[in-house]
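K.L.:
Input structure: work.cif, which contains mmCIF, C-alpha atoms.
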```
data_query
loop_
_atom_site.group_PDB
_atom_site.id
_atom_site.type_symbol
_atom_site.label_atom_id
_atom_site.label_comp_id
_atom_site.auth_asym_id
_atom_site.auth_seq_id
_atom_site.Cartn_x
_atom_site.Cartn_y
_atom_site.Cartn_z
ATOM 1 C CA MET A 206 3.527 6.162 17.409
ATOM 2 C CA LYS A 207 5.915 8.221 19.508
ATOM 3 C CA LYS A 208 8.323 9.940 17.101
ATOM 4 C CA ILE A 209 6.861 10.565 13.664
ATOM 5 C CA LEU A 210 8.644 11.669 10.495
ATOM 6 C CA ILE A 211 6.435 13.144 7.759
ATOM 7 C CA THR A 212 7.599 13.675 4.185
ATOM 8 C CA GLY A 213 5.685 16.146 2.021
ATOM 9 C CA ALA A 214 4.571 17.865 5.204
ATOM 10 C CA LEU A 215 3.662 21.118 3.448
ATOM 11 C CA GLY A 216 1.344 19.480 0.930
ATOM 12 C CA GLN A 217 -2.439 19.188 0.992
ATOM 13 C CA ILE A 218 -2.558 16.213 3.373
ATOM 14 C CA GLY A 219 0.722 16.844 5.163
ATOM 15 C CA SER A 220 -0.014 20.399 6.223
ATOM 16 C CA GLU A 221 -3.103 19.320 8.142
ATOM 17 C CA LEU A 222 -1.825 15.935 9.292
ATOM 18 C CA THR A 223 1.274 17.516 10.839
ATOM 19 C CA THR A 224 -0.851 19.905 12.884
ATOM 20 C CA ARG A 225 -3.216 17.139 13.974
ATOM 21 C CA LEU A 226 -0.438 14.747 14.981
ATOM 22 C CA ARG A 227 1.336 17.470 16.966
ATOM 23 C CA GLU A 228 -1.889 18.086 18.876
ATOM 24 C CA ILE A 229 -2.122 14.383 19.747
ATOM 25 C CA TYR A 230 1.496 13.278 20.209
ATOM 26 C CA GLY A 231 3.252 16.538 21.077
ATOM 27 C CA VAL A 232 4.902 19.224 18.964
ATOM 28 C CA ASP A 233 8.459 17.935 19.408
ATOM 29 C CA ASN A 234 7.461 14.366 18.469
ATOM 30 C CA VAL A 235 6.387 15.137 14.898
ATOM 31 C CA ILE A 236 9.189 16.007 12.484
ATOM 32 C CA ALA A 237 7.935 17.753 9.362
ATOM 33 C CA THR A 238 10.010 17.599 6.176
ATOM 34 C CA ASP A 239 9.628 19.030 2.692
ATOM 35 C CA ILE A 240 11.797 20.000 -0.249
ATOM 36 C CA LYS A 241 11.820 23.715 0.586
ATOM 37 C CA LYS A 242 10.994 26.172 3.321
ATOM 38 C CA SER A 243 7.588 27.777 3.547
ATOM 39 C CA ASP A 244 5.649 30.285 5.599
ATOM 40 C CA ASN A 245 3.332 27.407 6.490
ATOM 41 C CA VAL A 246 2.670 27.156 10.223
ATOM 42 C CA ASN A 247 4.274 23.684 10.252
ATOM 43 C CA PHE A 248 7.647 25.220 9.507
ATOM 44 C CA GLU A 249 7.449 27.399 12.603
ATOM 45 C CA SER A 250 5.506 25.298 15.091
ATOM 46 C CA GLY A 251 7.917 22.410 15.572
ATOM 47 C CA PRO A 252 10.844 20.420 14.171
ATOM 48 C CA PHE A 253 11.288 20.935 10.409
ATOM 49 C CA GLU A 254 13.987 19.634 8.060
ATOM 50 C CA ILE A 255 14.609 20.260 4.378
ATOM 51 C CA LEU A 256 14.367 16.918 2.550
ATOM 52 C CA ASP A 257 14.357 15.893 -1.085
ATOM 53 C CA VAL A 258 12.855 12.397 -0.874
ATOM 54 C CA THR A 259 15.024 11.219 -3.766
ATOM 55 C CA ASP A 260 17.990 11.628 -1.387
ATOM 56 C CA GLY A 261 17.836 8.399 0.590
ATOM 57 C CA LYS A 262 20.959 9.115 2.612
ATOM 58 C CA ARG A 263 19.542 12.397 3.888
ATOM 59 C CA MET A 264 16.257 10.698 4.817
ATOM 60 C CA VAL A 265 18.059 8.094 6.921
ATOM 61 C CA GLU A 266 20.125 10.824 8.602
ATOM 62 C CA ILE A 267 16.985 12.715 9.646
ATOM 63 C CA ALA A 268 15.249 9.545 10.869
ATOM 64 C CA LYS A 269 18.255 8.638 13.024
ATOM 65 C CA LYS A 270 18.765 12.207 14.249
ATOM 66 C CA TYR A 271 15.277 12.277 15.747
ATOM 67 C CA ASN A 272 15.102 8.552 16.628
ATOM 68 C CA VAL A 273 11.801 8.162 14.781
ATOM 69 C CA ASP A 274 9.625 5.069 15.150
ATOM 70 C CA THR A 275 7.029 6.013 12.515
ATOM 71 C CA ILE A 276 7.376 7.300 8.949
ATOM 72 C CA MET A 277 4.458 8.816 7.042
ATOM 73 C CA HIS A 278 5.512 9.190 3.433
ATOM 74 C CA LEU A 279 3.255 11.704 1.676
ATOM 75 C CA ALA A 280 5.584 13.334 -0.865
ATOM 76 C CA ALA A 281 4.322 12.623 -4.389
ATOM 77 C CA LEU A 282 3.388 14.116 -7.731
ATOM 78 C CA LEU A 283 -0.392 13.890 -8.236
ATOM 79 C CA SER A 284 -2.416 12.567 -11.151
ATOM 80 C CA ALA A 285 -2.816 15.458 -13.602
ATOM 81 C CA THR A 286 0.682 16.795 -12.961
ATOM 82 C CA ALA A 287 2.146 13.308 -13.312
ATOM 83 C CA GLU A 288 0.589 12.950 -16.768
ATOM 84 C CA ALA A 289 2.342 16.131 -17.855
ATOM 85 C CA LYS A 290 5.691 14.939 -16.439
ATOM 86 C CA PRO A 291 5.631 11.123 -16.454
ATOM 87 C CA LEU A 292 9.383 10.502 -16.139
ATOM 88 C CA PHE A 293 9.717 13.019 -13.319
ATOM 89 C CA ALA A 294 6.662 11.455 -11.662
ATOM 90 C CA TRP A 295 8.191 7.973 -11.788
ATOM 91 C CA ASN A 296 11.506 9.134 -10.373
ATOM 92 C CA LEU A 297 9.902 11.145 -7.577
ATOM 93 C CA ASN A 298 7.019 8.852 -6.678
ATOM 94 C CA MET A 299 8.819 5.520 -6.891
ATOM 95 C CA GLY A 300 12.322 6.681 -5.958
ATOM 96 C CA GLY A 301 10.971 8.561 -2.968
ATOM 97 C CA LEU A 302 8.855 5.613 -1.854
ATOM 98 C CA MET A 303 11.767 3.194 -2.122
ATOM 99 C CA ASN A 304 13.951 5.530 -0.041
ATOM 100 C CA ALA A 305 11.210 5.884 2.572
ATOM 101 C CA LEU A 306 10.711 2.110 2.813
ATOM 102 C CA GLU A 307 14.457 1.545 3.068
ATOM 103 C CA THR A 308 14.631 4.144 5.822
ATOM 104 C CA ALA A 309 11.782 2.437 7.686
ATOM 105 C CA ARG A 310 13.598 -0.888 7.353
ATOM 106 C CA GLU A 311 16.899 0.530 8.592
ATOM 107 C CA VAL A 312 15.471 2.279 11.664
ATOM 108 C CA ASN A 313 12.732 -0.318 12.309
ATOM 109 C CA ALA A 314 9.903 2.189 11.943
ATOM 110 C CA GLN A 315 6.199 1.710 11.357
ATOM 111 C CA PHE A 316 5.312 2.973 7.880
ATOM 112 C CA PHE A 317 2.356 4.670 6.180
ATOM 113 C CA THR A 318 1.918 5.840 2.613
ATOM 114 C CA PRO A 319 -1.353 6.591 0.839
ATOM 115 C CA SER A 320 -2.485 4.909 -2.327
ATOM 116 C CA SER A 321 -5.404 6.225 -4.370
ATOM 117 C CA ILE A 322 -8.474 5.352 -6.392
ATOM 118 C CA GLY A 323 -6.107 6.250 -9.240
ATOM 119 C CA ALA A 324 -4.726 2.723 -8.840
ATOM 120 C CA PHE A 325 -7.879 1.456 -10.538
ATOM 121 C CA GLY A 326 -8.367 1.532 -14.296
ATOM 122 C CA PRO A 327 -11.060 1.422 -16.980
ATOM 123 C CA THR A 328 -11.466 -2.373 -16.696
ATOM 124 C CA THR A 329 -12.018 -2.220 -12.923
ATOM 125 C CA PRO A 330 -15.667 -2.721 -11.848
ATOM 126 C CA LYS A 331 -17.103 0.819 -11.774
ATOM 127 C CA ASP A 332 -19.706 0.564 -9.024
ATOM 128 C CA GLN A 333 -18.927 -0.476 -5.453
ATOM 129 C CA THR A 334 -15.404 -1.377 -6.570
ATOM 130 C CA PRO A 335 -14.242 -4.321 -4.414
ATOM 131 C CA GLN A 336 -11.225 -4.265 -2.131
ATOM 132 C CA ASP A 337 -9.567 -6.977 -4.225
ATOM 133 C CA THR A 338 -10.147 -6.540 -7.930
ATOM 134 C CA ILE A 339 -8.467 -6.012 -11.294
ATOM 135 C CA MET A 340 -6.130 -3.016 -11.334
ATOM 136 C CA ARG A 341 -4.911 -1.890 -14.765
ATOM 137 C CA PRO A 342 -4.509 1.901 -14.522
ATOM 138 C CA THR A 343 -3.847 3.927 -17.667
ATOM 139 C CA THR A 344 -2.027 6.857 -16.016
ATOM 140 C CA MET A 345 1.522 7.204 -14.705
ATOM 141 C CA TYR A 346 0.100 8.173 -11.316
ATOM 142 C CA GLY A 347 -2.001 5.015 -11.248
ATOM 143 C CA VAL A 348 0.944 2.845 -12.286
ATOM 144 C CA ASN A 349 2.973 4.420 -9.464
ATOM 145 C CA LYS A 350 0.239 3.688 -6.951
ATOM 146 C CA VAL A 351 -0.209 0.039 -7.938
ATOM 147 C CA ALA A 352 3.555 -0.478 -7.870
ATOM 148 C CA GLY A 353 3.683 1.295 -4.513
ATOM 149 C CA GLU A 354 1.039 -0.971 -3.014
ATOM 150 C CA LEU A 355 2.965 -4.039 -4.155
ATOM 151 C CA LEU A 356 6.269 -2.605 -2.941
ATOM 152 C CA ALA A 357 4.859 -1.887 0.518
ATOM 153 C CA ASP A 358 3.465 -5.432 0.655
ATOM 154 C CA TYR A 359 6.892 -6.740 -0.334
ATOM 155 C CA TYR A 360 8.671 -4.823 2.421
ATOM 156 C CA HIS A 361 6.242 -6.236 4.963
ATOM 157 C CA GLN A 362 6.535 -9.809 3.730
ATOM 158 C CA ARG A 363 10.280 -9.764 2.972
ATOM 159 C CA PHE A 364 11.658 -7.546 5.740
ATOM 160 C CA GLY A 365 8.873 -7.429 8.341
ATOM 161 C CA VAL A 366 8.302 -3.667 8.016
ATOM 162 C CA ASP A 367 4.948 -2.708 9.557
ATOM 163 C CA THR A 368 3.595 -1.084 6.398
ATOM 164 C CA ARG A 369 0.057 0.313 6.226
ATOM 165 C CA GLY A 370 -1.925 2.379 3.744
ATOM 166 C CA VAL A 371 -5.277 3.398 2.323
ATOM 167 C CA ARG A 372 -6.609 4.120 -1.159
ATOM 168 C CA PHE A 373 -7.780 7.697 -0.774
ATOM 169 C CA PRO A 374 -10.520 9.131 -2.951
ATOM 170 C CA GLY A 375 -10.507 12.833 -3.834
ATOM 171 C CA LEU A 376 -9.769 14.873 -0.704
ATOM 172 C CA ILE A 377 -11.492 18.175 0.013
ATOM 173 C CA SER A 378 -10.087 20.788 2.391
ATOM 174 C CA TYR A 379 -10.436 24.477 3.192
ATOM 175 C CA VAL A 380 -6.924 24.691 4.678
ATOM 176 C CA ALA A 381 -4.497 23.867 1.864
ATOM 177 C CA LEU A 382 -4.957 24.383 -1.853
ATOM 178 C CA PRO A 383 -4.985 21.228 -4.007
ATOM 179 C CA GLY A 384 -1.813 20.205 -5.773
ATOM 180 C CA GLY A 385 -2.550 18.981 -9.294
ATOM 181 C CA GLY A 386 -5.045 16.152 -8.858
ATOM 182 C CA THR A 387 -7.966 15.196 -11.070
ATOM 183 C CA THR A 388 -10.452 15.730 -8.239
ATOM 184 C CA ASP A 389 -9.222 19.268 -7.471
ATOM 185 C CA TYR A 390 -12.407 20.741 -8.956
ATOM 186 C CA ALA A 391 -14.226 19.673 -5.808
ATOM 187 C CA VAL A 392 -12.081 22.119 -3.817
ATOM 188 C CA GLU A 393 -11.943 24.887 -6.419
ATOM 189 C CA ILE A 394 -15.728 24.997 -6.756
ATOM 190 C CA TYR A 395 -16.135 26.179 -3.150
ATOM 191 C CA TYR A 396 -13.582 28.967 -3.533
ATOM 192 C CA GLU A 397 -15.203 30.197 -6.738
ATOM 193 C CA ALA A 398 -18.731 29.889 -5.352
ATOM 194 C CA ILE A 399 -17.837 32.131 -2.430
ATOM 195 C CA LYS A 400 -15.680 34.616 -4.343
ATOM 196 C CA ASN A 401 -17.517 34.882 -7.663
ATOM 197 C CA GLY A 402 -20.785 32.972 -7.406
ATOM 198 C CA ARG A 403 -19.953 30.797 -10.417
ATOM 199 C CA TYR A 404 -17.632 28.021 -11.512
ATOM 200 C CA THR A 405 -16.699 26.318 -14.773
ATOM 201 C CA SER A 406 -15.955 22.665 -14.132
ATOM 202 C CA TYR A 407 -13.203 20.894 -16.049
ATOM 203 C CA ILE A 408 -14.957 17.611 -15.160
ATOM 204 C CA ASP A 409 -18.155 16.951 -17.096
ATOM 205 C CA LYS A 410 -21.571 16.496 -15.497
ATOM 206 C CA GLY A 411 -22.499 12.897 -14.785
ATOM 207 C CA THR A 412 -18.919 11.994 -13.822
ATOM 208 C CA TYR A 413 -19.087 10.312 -10.431
ATOM 209 C CA MET A 414 -16.007 9.989 -8.245
ATOM 210 C CA ASP A 415 -15.467 9.101 -4.600
ATOM 211 C CA MET A 416 -14.561 11.916 -2.234
ATOM 212 C CA MET A 417 -13.719 12.481 1.433
ATOM 213 C CA TYR A 418 -13.512 15.544 3.649
ATOM 214 C CA MET A 419 -10.063 16.074 5.108
ATOM 215 C CA PRO A 420 -11.024 15.649 8.798
ATOM 216 C CA ASP A 421 -12.257 12.138 7.975
ATOM 217 C CA ALA A 422 -9.097 11.405 5.977
ATOM 218 C CA LEU A 423 -6.886 12.417 8.907
ATOM 219 C CA ASN A 424 -8.887 10.245 11.274
ATOM 220 C CA ALA A 425 -8.534 7.312 8.876
ATOM 221 C CA ILE A 426 -4.740 7.613 8.855
ATOM 222 C CA ILE A 427 -4.484 7.824 12.635
ATOM 223 C CA ASP A 428 -6.996 5.026 13.271
ATOM 224 C CA LEU A 429 -5.210 2.695 10.850
ATOM 225 C CA MET A 430 -1.797 3.419 12.335
ATOM 226 C CA GLU A 431 -3.102 2.777 15.850
ATOM 227 C CA ALA A 432 -4.955 -0.406 14.845
ATOM 228 C CA ASP A 433 -4.017 -3.875 16.100
ATOM 229 C CA SER A 434 -1.535 -5.221 13.550
ATOM 230 C CA SER A 435 -2.756 -8.790 13.997
ATOM 231 C CA LYS A 436 -6.200 -7.858 12.656
ATOM 232 C CA LEU A 437 -4.940 -6.335 9.405
ATOM 233 C CA ILE A 438 -5.336 -8.560 6.371
ATOM 234 C CA HIS A 439 -5.099 -5.863 3.704
ATOM 235 C CA ARG A 440 -2.243 -3.809 5.076
ATOM 236 C CA ASN A 441 -1.371 -1.326 2.359
ATOM 237 C CA ALA A 442 -4.358 -0.558 0.223
ATOM 238 C CA PHE A 443 -7.609 -0.282 2.174
ATOM 239 C CA ASN A 444 -10.467 1.188 0.173
ATOM 240 C CA VAL A 445 -11.846 4.197 2.093
ATOM 241 C CA THR A 446 -14.557 6.610 1.047
ATOM 242 C CA ALA A 447 -17.229 8.879 2.477
ATOM 243 C CA MET A 448 -19.299 9.966 -0.542
ATOM 244 C CA SER A 449 -19.598 9.678 -4.297
ATOM 245 C CA PHE A 450 -20.901 12.571 -6.375
ATOM 246 C CA ALA A 451 -20.828 14.210 -9.792
ATOM 247 C CA PRO A 452 -20.142 17.934 -10.325
ATOM 248 C CA GLU A 453 -23.837 18.750 -10.560
ATOM 249 C CA ASP A 454 -24.417 17.140 -7.134
ATOM 250 C CA ILE A 455 -21.865 19.350 -5.408
ATOM 251 C CA ALA A 456 -23.312 22.364 -7.263
ATOM 252 C CA ALA A 457 -26.805 21.512 -5.951
ATOM 253 C CA SER A 458 -25.419 21.180 -2.429
ATOM 254 C CA ILE A 459 -23.742 24.595 -2.676
ATOM 255 C CA MET A 460 -26.969 26.178 -3.933
ATOM 256 C CA ARG A 461 -28.636 25.314 -0.619
ATOM 257 C CA TYR A 462 -26.354 27.928 0.937
ATOM 258 C CA ILE A 463 -25.592 30.165 -2.075
ATOM 259 C CA PRO A 464 -28.860 30.082 -4.066
ATOM 260 C CA ASN A 465 -27.578 32.199 -6.967
ATOM 261 C CA PHE A 466 -24.552 29.995 -7.636
ATOM 262 C CA LYS A 467 -24.083 29.148 -11.333
ATOM 263 C CA MET A 468 -22.272 26.109 -12.745
ATOM 264 C CA ALA A 469 -20.907 25.675 -16.276
ATOM 265 C CA TYR A 470 -18.927 22.860 -17.884
ATOM 266 C CA ASN A 471 -15.832 22.897 -20.071
ATOM 267 C CA PRO A 472 -14.257 19.433 -19.721
ATOM 268 C CA ASP A 473 -10.476 19.235 -19.847
ATOM 269 C CA PRO A 474 -9.625 16.246 -22.080
ATOM 270 C CA VAL A 475 -6.702 15.016 -19.968
ATOM 271 C CA ARG A 476 -8.384 15.178 -16.584
ATOM 272 C CA GLN A 477 -11.728 13.976 -17.953
ATOM 273 C CA LYS A 478 -10.053 10.900 -19.414
ATOM 274 C CA ILE A 479 -8.433 10.186 -16.064
ATOM 275 C CA ALA A 480 -11.741 10.628 -14.229
ATOM 276 C CA ASP A 481 -13.543 8.331 -16.671
ATOM 277 C CA SER A 482 -11.033 5.571 -15.924
ATOM 278 C CA TRP A 483 -11.765 5.665 -12.198
ATOM 279 C CA PRO A 484 -14.636 4.024 -10.268
ATOM 280 C CA ASN A 485 -17.998 5.667 -9.705
ATOM 281 C CA SER A 486 -17.994 4.361 -6.119
ATOM 282 C CA ILE A 487 -15.881 2.001 -4.029
ATOM 283 C CA ASP A 488 -16.580 -0.547 -1.297
ATOM 284 C CA ALA A 489 -14.868 0.168 2.045
ATOM 285 C CA THR A 490 -16.090 -2.968 3.852
ATOM 286 C CA ALA A 491 -12.598 -4.357 4.504
ATOM 287 C CA ALA A 492 -11.471 -1.149 6.240
ATOM 288 C CA LYS A 493 -14.610 -1.157 8.382
ATOM 289 C CA GLN A 494 -14.169 -4.782 9.389
ATOM 290 C CA GLU A 495 -10.401 -4.842 9.959
ATOM 291 C CA TRP A 496 -9.809 -1.561 11.800
ATOM 292 C CA GLY A 497 -13.167 0.126 12.313
ATOM 293 C CA PHE A 498 -13.036 2.736 9.561
ATOM 294 C CA LYS A 499 -15.849 5.294 9.764
ATOM 295 C CA PHE A 500 -16.577 8.777 8.480
ATOM 296 C CA GLU A 501 -18.524 11.753 9.786
ATOM 297 C CA TYR A 502 -19.092 14.037 6.809
ATOM 298 C CA ASP A 503 -21.513 13.454 3.945
ATOM 299 C CA LEU A 504 -21.826 15.912 1.052
ATOM 300 C CA ASP A 505 -24.208 18.404 2.648
ATOM 301 C CA LYS A 506 -22.460 18.416 6.025
ATOM 302 C CA MET A 507 -19.142 18.975 4.268
ATOM 303 C CA THR A 508 -20.587 21.759 2.099
ATOM 304 C CA GLN A 509 -21.927 23.610 5.117
ATOM 305 C CA ASP A 510 -18.571 23.397 6.893
ATOM 306 C CA MET A 511 -16.548 24.287 3.770
ATOM 307 C CA ILE A 512 -18.622 27.389 3.033
ATOM 308 C CA GLU A 513 -18.532 28.512 6.648
ATOM 309 C CA LYS A 514 -14.778 28.004 7.062
ATOM 310 C CA LEU A 515 -13.836 29.396 3.637
ATOM 311 C CA SER A 516 -16.047 32.440 4.138
ATOM 312 C CA GLN A 517 -14.105 33.182 7.292
ATOM 313 C CA LYS A 518 -10.777 32.488 5.595
ATOM 314 C CA LEU A 519 -11.599 34.705 2.603
ATOM 315 C CA GLN A 520 -13.390 37.251 4.785
ATOM 316 C CA ILE A 521 -16.522 36.989 2.665
ATOM 317 C CA ARG A 522 -19.892 36.259 4.228
ATOM 318 C CA LYS A 523 -21.978 33.938 2.042
ATOM 319 C CA MET A 524 -24.032 31.774 4.367
ATOM 320 C CA ALA A 525 -27.791 32.068 3.773
#
```
Take the structure I supplied and represent it as C-alpha cells, if you would.
P.N.:
Amino acid sequence: MKKILITGALGQIGSELTTRLREIYGVDNVIATDIKKSDNVNFESGPFEILDVTDGKRMVEIAKKYNVDTIMHLAALLSATAEAKPLFAWNLNMGGLMNALETAREVNAQFFTPSSIGAFGPTTPKDQTPQDTIMRPTTMYGVNKVAGELLADYYHQRFGVDTRGVRFPGLISYVALPGGGTTDYAVEIYYEAIKNGRYTSYIDKGTYMDMMYMPDALNAIIDLMEADSSKLIHRNAFNVTAMSFAPEDIAASIMRYIPNFKMAYNPDPVRQKIADSWPNSIDATAAKQEWGFKFEYDLDKMTQDMIEKLSQKLQIRKMA
C-alpha cells in the first residue's frame, strides 16, 4: 500500500483507520473521503475529498487524481439503521460497493471492504461459527453483507482484483461514537457508566455476541492488506473476533473499576431480534492460519483502557 483511498473516512472505523494509516504510510498518501465536511481531525490533517459513494464517476476521478493503488471501502449503513431504511440501505451499501469495486478494477488497485457477523442468520451454527457455513441472514444489512462478500469474490475471480475483507464483530471505541449498529450498546455502556453510573441496555441479558476493541480491528485490516496474497484462501470474509460476552458480562467488568455501576434491561424488539439471529461466538482459525490474525485486548483489558481513555475525554475521573 502506497496511496490509499478511504471511503466513509469520518465514520467509526474510518476516523481511526485514517489516522493510523497516515502514521504508517504518510499523511499525503492517505486520501480521506466522506459525503460531507466535518470538524474531524481527518478533514484537516491531510488530503480530503467530498464523495457520495453512489457517484461512481466521482470516485474514479478521485482515485485517478491521487494515483491510488489501494481502496478501503468503509461507507455503509449499519444494521439497525438499515432495518429502518431498507431501500436506502440497499442503494447505498450495494451501489457504493459496486462503484468502489469498479473503481478498483479501473485503476488496478488493491481493495478492502469489511463484512460482518451480520452476514450470518438464525440457521447458522451459533457457537464457534465456522469460517464456511450456512448464511441466511434475516436483515437487509445481512443480505447486503452476504451479497458483498460474493461480489468481492466475483471481482477477484472474474477481473483479478486483489480483494480482501474480514467479518467484523461488534467494534468498541472511545474515539468515535457508534453509527446505528446492533452492538452499539457495548460502546454506550462505557459512556453512561462514567457519566451517570448506570445504563439501561436495549439488548437483553444472556445475549452473547462477538466483539473487538478498535485497536485490534485496525491491526487486522493492516495485517490482512499486507499479507502474502498467495497464502489467502478465503479472501473476502475472514472470521475475526477477540471476545464474546453478554451485557451482564461487560457490566461485571465495569464494576471492577466503577463498583457502584448499575445495569438495567429494556430490550428493543428490533435490535434484540437482530442480535438473536447472530452467532454467540465465531471461529477465527482461518484468519490465524492464512495471515497470522491475532488480538491483544480481552474484555477486562479493554474495559480498563476504555474507562481510562473516556474519563480523560469526558474530563471525569472514575478509575478506582
K.L.:
Please evaluate the PyMOL selection byres ((chain A and resi 480-488) around 6) against the displayed coordinates and give the resulting residues as a ChimeraX atom specification.
P.N.:
/A:325-327,331-335,413-415,449,477-479,489-490
K.L.:
To test your reading of the syntax: which residues would the PyMOL selection byres ((chain A and resi 456-464) around 10) return for the file shown? Reply as a ChimeraX atom specification.
P.N.:
/A:391,394-395,398-399,402-404,451-455,465-469,504-509,511-513,523-525
K.L.:
Looking at A:Val235, A:Leu515, A:Ile267, A:Ala491, which one is nearest to Gly219 in chain A, with distances taken over only C-alpha atoms?
P.N.:
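Closest to Gly219 in chain A, using only C-alpha atoms: A:Val235.
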K.L.:
Which residue is closest to Phe443 in chain A? Choose from A:Ser250, A:Asn349, A:Gln494, A:Asn298 and count all atoms listed in the file.
P.N.:
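So, comparing all the options, the nearest one is A:Gln494.
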K.L.:
Please identify all polymer residues within 12 Å of Val312 in chain A, counting all atoms listed in the file, omitting same-chain residues fewer than 2 positions from it, and present them as a CSV table (one decimal) with C-alpha atoms, in the frame of the given file.
P.N.:
```csv
chain,number,residue,atom,x,y,z
A,208,LYS,CA,8.3,9.9,17.1
A,210,LEU,CA,8.6,11.7,10.5
A,264,MET,CA,16.3,10.7,4.8
A,265,VAL,CA,18.1,8.1,6.9
A,266,GLU,CA,20.1,10.8,8.6
A,267,ILE,CA,17.0,12.7,9.6
A,268,ALA,CA,15.2,9.5,10.9
A,269,LYS,CA,18.3,8.6,13.0
A,270,LYS,CA,18.8,12.2,14.2
A,271,TYR,CA,15.3,12.3,15.7
A,272,ASN,CA,15.1,8.6,16.6
A,273,VAL,CA,11.8,8.2,14.8
A,274,ASP,CA,9.6,5.1,15.2
A,275,THR,CA,7.0,6.0,12.5
A,276,ILE,CA,7.4,7.3,8.9
A,305,ALA,CA,11.2,5.9,2.6
A,306,LEU,CA,10.7,2.1,2.8
A,307,GLU,CA,14.5,1.5,3.1
A,308,THR,CA,14.6,4.1,5.8
A,309,ALA,CA,11.8,2.4,7.7
A,310,ARG,CA,13.6,-0.9,7.4
A,314,ALA,CA,9.9,2.2,11.9
A,315,GLN,CA,6.2,1.7,11.4
A,316,PHE,CA,5.3,3.0,7.9
A,366,VAL,CA,8.3,-3.7,8.0
A,367,ASP,CA,4.9,-2.7,9.6
```
K.L.:
For the file shown, report as number ranges by chain the outcome of the PyMOL selection byres ((chain A and resi 369) around 8) at residue level.
P.N.:
A: 316-318, 357, 367-368, 370-371, 429-430, 440-442
K.L.:
What separation in Å, quoted to one decimal, exists between CA of Gly213 in chain A and CA of Tyr359 in chain A?
P.N.:
23.0 Å
K.L.:
State, in Å with one decimal place, the distance from CA of Leu519 in chain A to CA of Thr224 in chain A.
P.N.:
21.0 Å
K.L.:
To one decimal in Å, tell me the separation between CA of Leu279 in chain A and CA of Gly353 in chain A.
P.N.:
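Result for CA of Leu279 in chain A versus CA of Gly353 in chain A: 12.1 Å, one decimal.
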K.L.:
Closest to Ala425 in chain A among A:Pro252, A:Gly231, A:Gly411, A:Gly497, using only C-alpha atoms?
P.N.:
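Selected residue with least distance to Ala425 in chain A: A:Gly497.
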K.L.:
Between A:Leu355, A:Met345, A:Ile426, A:Ile211, which has the minimum distance to Lys290 in chain A (counting only C-alpha atoms)?
P.N.:
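Selected residue with least distance to Lys290 in chain A: A:Met345.
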K.L.:
N, CA and C atoms for range 222-236 of chain A, written as an mmCIF file, keeping the file's coordinate frame, could you do that?
P.N.:
```cif
data_model
loop_
_atom_site.group_PDB
_atom_site.id
_atom_site.type_symbol
_atom_site.label_atom_id
_atom_site.label_comp_id
_atom_site.auth_asym_id
_atom_site.auth_seq_id
_atom_site.Cartn_x
_atom_site.Cartn_y
_atom_site.Cartn_z
ATOM 1 N N LEU A 222 -2.175 17.091 8.476
ATOM 2 C CA LEU A 222 -1.825 15.935 9.292
ATOM 3 C C LEU A 222 -0.748 16.295 10.306
ATOM 4 N N THR A 223 0.217 17.104 9.909
ATOM 5 C CA THR A 223 1.274 17.516 10.839
ATOM 6 C C THR A 223 0.686 18.232 12.048
ATOM 7 N N THR A 224 -0.208 19.173 11.788
ATOM 8 C CA THR A 224 -0.851 19.905 12.884
ATOM 9 C C THR A 224 -1.624 18.968 13.798
ATOM 10 N N ARG A 225 -2.393 18.064 13.197
ATOM 11 C CA ARG A 225 -3.216 17.139 13.974
ATOM 12 C C ARG A 225 -2.347 16.208 14.826
ATOM 13 N N LEU A 226 -1.294 15.666 14.244
ATOM 14 C CA LEU A 226 -0.438 14.747 14.981
ATOM 15 C C LEU A 226 0.291 15.456 16.113
ATOM 16 N N ARG A 227 0.674 16.714 15.900
ATOM 17 C CA ARG A 227 1.336 17.470 16.966
ATOM 18 C C ARG A 227 0.381 17.738 18.121
ATOM 19 N N GLU A 228 -0.891 17.912 17.821
ATOM 20 C CA GLU A 228 -1.889 18.086 18.876
ATOM 21 C C GLU A 228 -2.030 16.818 19.712
ATOM 22 N N ILE A 229 -1.911 15.663 19.072
ATOM 23 C CA ILE A 229 -2.122 14.383 19.747
ATOM 24 C C ILE A 229 -0.855 13.893 20.442
ATOM 25 N N TYR A 230 0.277 13.932 19.733
ATOM 26 C CA TYR A 230 1.496 13.278 20.209
ATOM 27 C C TYR A 230 2.546 14.246 20.740
ATOM 28 N N GLY A 231 2.304 15.546 20.589
ATOM 29 C CA GLY A 231 3.252 16.538 21.077
ATOM 30 C C GLY A 231 4.040 17.162 19.947
ATOM 31 N N VAL A 232 4.255 18.472 20.039
ATOM 32 C CA VAL A 232 4.902 19.224 18.964
ATOM 33 C C VAL A 232 6.286 18.668 18.630
ATOM 34 N N ASP A 233 7.078 18.362 19.638
ATOM 35 C CA ASP A 233 8.459 17.935 19.408
ATOM 36 C C ASP A 233 8.560 16.501 18.894
ATOM 37 N N ASN A 234 7.446 15.770 18.881
ATOM 38 C CA ASN A 234 7.461 14.366 18.469
ATOM 39 C C ASN A 234 7.038 14.152 17.023
ATOM 40 N N VAL A 235 6.792 15.234 16.304
ATOM 41 C CA VAL A 235 6.387 15.137 14.898
ATOM 42 C C VAL A 235 7.347 15.987 14.075
ATOM 43 N N ILE A 236 8.163 15.327 13.269
ATOM 44 C CA ILE A 236 9.189 16.007 12.484
ATOM 45 C C ILE A 236 8.674 16.197 11.067
#
```
